[in-house]
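Inspection log for the structure reproduced underneath, given as structure tokens.
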Amino acid sequence: MATTFGSPAELKDKIGEQLGKSEWLDITQERINLFADATGDHQWIHVDPEMAKQGPFGACIAHGYLTLSLVSMFLPQIIQVGGIRMGINYGTDKVRFPAPVPVGSKVRGSAELVKVDDVKDGVQATVRVTIEIEGKDKPACVVDTISRYYPA
């Protein structure tokens, strides 16, 4: 269940708070292969199960940027901001990939509201998203996402 805000201004009251978690998502070889096709990154560590068995992780792993791109899927499950005419992805700060995501893993996002600033005609929110790997201590990705919300 997403944390819902009635307006961008309400974000300011929740700085430093956990916003919630997304649903778990299966990382399949098909998903990895489709990402490889979309980006042209066909490195064997991602797309060749036989070679990857002999590699450092013992199996194919998801691309770091595939893991990062899942933030776009997870954020709407975690946070909803109402009373806007438009919301935009303004970018990211400090992206890290502490642990690989082996094929067959499940991942989900959790989020914390880090910072909220006024910008021309709106509000800019920095949300730290941590992509967890089920059963693992280290996260797959930690990223500070920056979104701008423009009130209706």
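In the structure tokens, the first chain shown is A, the next is B, and so on; residue numbers restart at 1 for each chain, and ligands run from 1 in the order shown.
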Item to check | Selection: 9 Å around Glu17 of chain A, only C-alpha atoms, excl. self and same-chain fewer than 4 positions, as a VMD selection string | outcome: chain A and resid 111 to 114
Let's have the selection written as a PDB file, in the first residue's frame, with C-alpha atoms.
ATOM      1  CA  ALA A 111      11.921   4.129   0.360  1.00  0.00           C
ATOM      2  CA  GLU A 112      12.756   6.944   2.757  1.00  0.00           C
ATOM      3  CA  LEU A 113      11.958  10.606   2.198  1.00  0.00           C
ATOM      4  CA  VAL A 114      15.356  12.300   2.571  1.00  0.00           C
TER       5      VAL A 114
END
Considering only strand (DSSP E) as DSSP defines it on the backbone, what residues of segment 12-76 of chain A qualify? List them as a short mmCIF file (atom, residue, chain, number, x, y, z; two decimals) with N, CA and C atoms, in the first residue's frame.
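The resulting file, out_2.cif, is reproduced below:
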data_model
loop_
_atom_site.label_atom_id
_atom_site.label_comp_id
_atom_site.auth_asym_id
_atom_site.auth_seq_id
_atom_site.Cartn_x
_atom_site.Cartn_y
_atom_site.Cartn_z
N GLN A 18 10.31 6.53 6.79
CA GLN A 18 10.17 5.42 5.86
C GLN A 18 8.79 5.53 5.21
N LEU A 19 8.74 5.34 3.90
CA LEU A 19 7.49 5.47 3.17
C LEU A 19 6.82 4.13 2.90
N GLY A 20 7.59 3.05 2.97
CA GLY A 20 7.01 1.73 2.74
C GLY A 20 7.85 0.90 1.80
N LYS A 21 7.24 -0.20 1.35
CA LYS A 21 7.92 -1.17 0.49
C LYS A 21 7.02 -1.55 -0.68
N LEU A 25 9.46 -8.74 -6.79
CA LEU A 25 9.50 -8.97 -8.24
C LEU A 25 10.52 -10.05 -8.54
N ASP A 26 10.14 -11.04 -9.34
CA ASP A 26 11.06 -12.10 -9.76
C ASP A 26 12.00 -11.58 -10.84
#
Next on the checklist: Neighbouring residues of Glu30 of chain A were defined as those with any atom within 12 Å, considering only C-alpha atoms; residues of the same chain fewer than 2 positions away were excluded. Please report them as a list in words.
Outcome noted: Asp26, Ile27, Thr28, Ile32, Asn33, Leu34, Phe35, Ala36, Asp37, His46, Val47, Asp48, Pro49, Cys60, Ile61, Ala62, Val103 and Gly104 of chain A
Item to check | Residue neighbourhood Arg85 of chain A, 6 Å, only C-alpha atoms, exclusion window fewer than 5 positions, as a PyMOL selection string | outcome: chain A and resi 150-152
Save out the residues we just selected, N, CA and C atoms, as a PDB file, in the first residue's frame.
ATOM      1  N   TYR A 150       4.449  19.491  -9.267  1.00  0.00           N
ATOM      2  CA  TYR A 150       3.896  20.812  -9.527  1.00  0.00           C
ATOM      3  C   TYR A 150       2.407  20.785  -9.183  1.00  0.00           C
ATOM      4  N   PRO A 151       2.012  21.570  -8.167  1.00  0.00           N
ATOM      5  CA  PRO A 151       0.610  21.557  -7.718  1.00  0.00           C
ATOM      6  C   PRO A 151      -0.374  21.938  -8.814  1.00  0.00           C
ATOM      7  N   ALA A 152      -1.555  21.366  -8.688  1.00  0.00           N
ATOM      8  CA  ALA A 152      -2.631  21.670  -9.647  1.00  0.00           C
ATOM      9  C   ALA A 152      -3.124  23.090  -9.471  1.00  0.00           C
TER      10      ALA A 152
END
Checklist entry - Hey, what does DSSP flag as alpha helix (DSSP H) within segment 12-107 of chain A? Can you give it to me as a VMD selection string? => result chain A and resid 29 to 39 44 to 47 49 to 53 64 to 69 71 to 78
Checklist entry - So which residues touch Ala140 of chain A within 8 Å, counting only C-alpha atoms, skipping near sequence neighbours fewer than 3 positions away, as an MDAnalysis selection string? => result chainID A and resid 67 97:101 130:133
Those same residues, written as a PDB file, in the first residue's frame with C-alpha atoms?
ATOM      1  CA  THR A  67      18.143  -3.124 -11.140  1.00  0.00           C
ATOM      2  CA  PHE A  97      25.242  -1.392  -6.425  1.00  0.00           C
ATOM      3  CA  PRO A  98      26.437  -3.142  -3.218  1.00  0.00           C
ATOM      4  CA  ALA A  99      25.419  -6.692  -4.246  1.00  0.00           C
ATOM      5  CA  PRO A 100      24.726  -8.556  -7.494  1.00  0.00           C
ATOM      6  CA  VAL A 101      21.242  -9.868  -8.299  1.00  0.00           C
ATOM      7  CA  THR A 130      16.899   0.707  -1.464  1.00  0.00           C
ATOM      8  CA  ILE A 131      16.383  -2.352  -3.642  1.00  0.00           C
ATOM      9  CA  GLU A 132      16.496  -5.398  -1.388  1.00  0.00           C
ATOM     10  CA  ILE A 133      17.238  -8.962  -2.461  1.00  0.00           C
TER      11      ILE A 133
END
Next on the checklist: If I take atom CA of Phe74 of chain A and atom CA of Ser110 of chain A, how far is one from the other in Å, to one decimal?
Outcome noted: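 Computing it gives 8.1 Å between the two atoms.
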Next on the checklist: I need the residue nearest Phe5 of chain A from this list: A:Met51, A:Ala59, A:Leu68, A:Ile84. Use only C-alpha atoms for the distance.
Outcome noted: A:Ile84
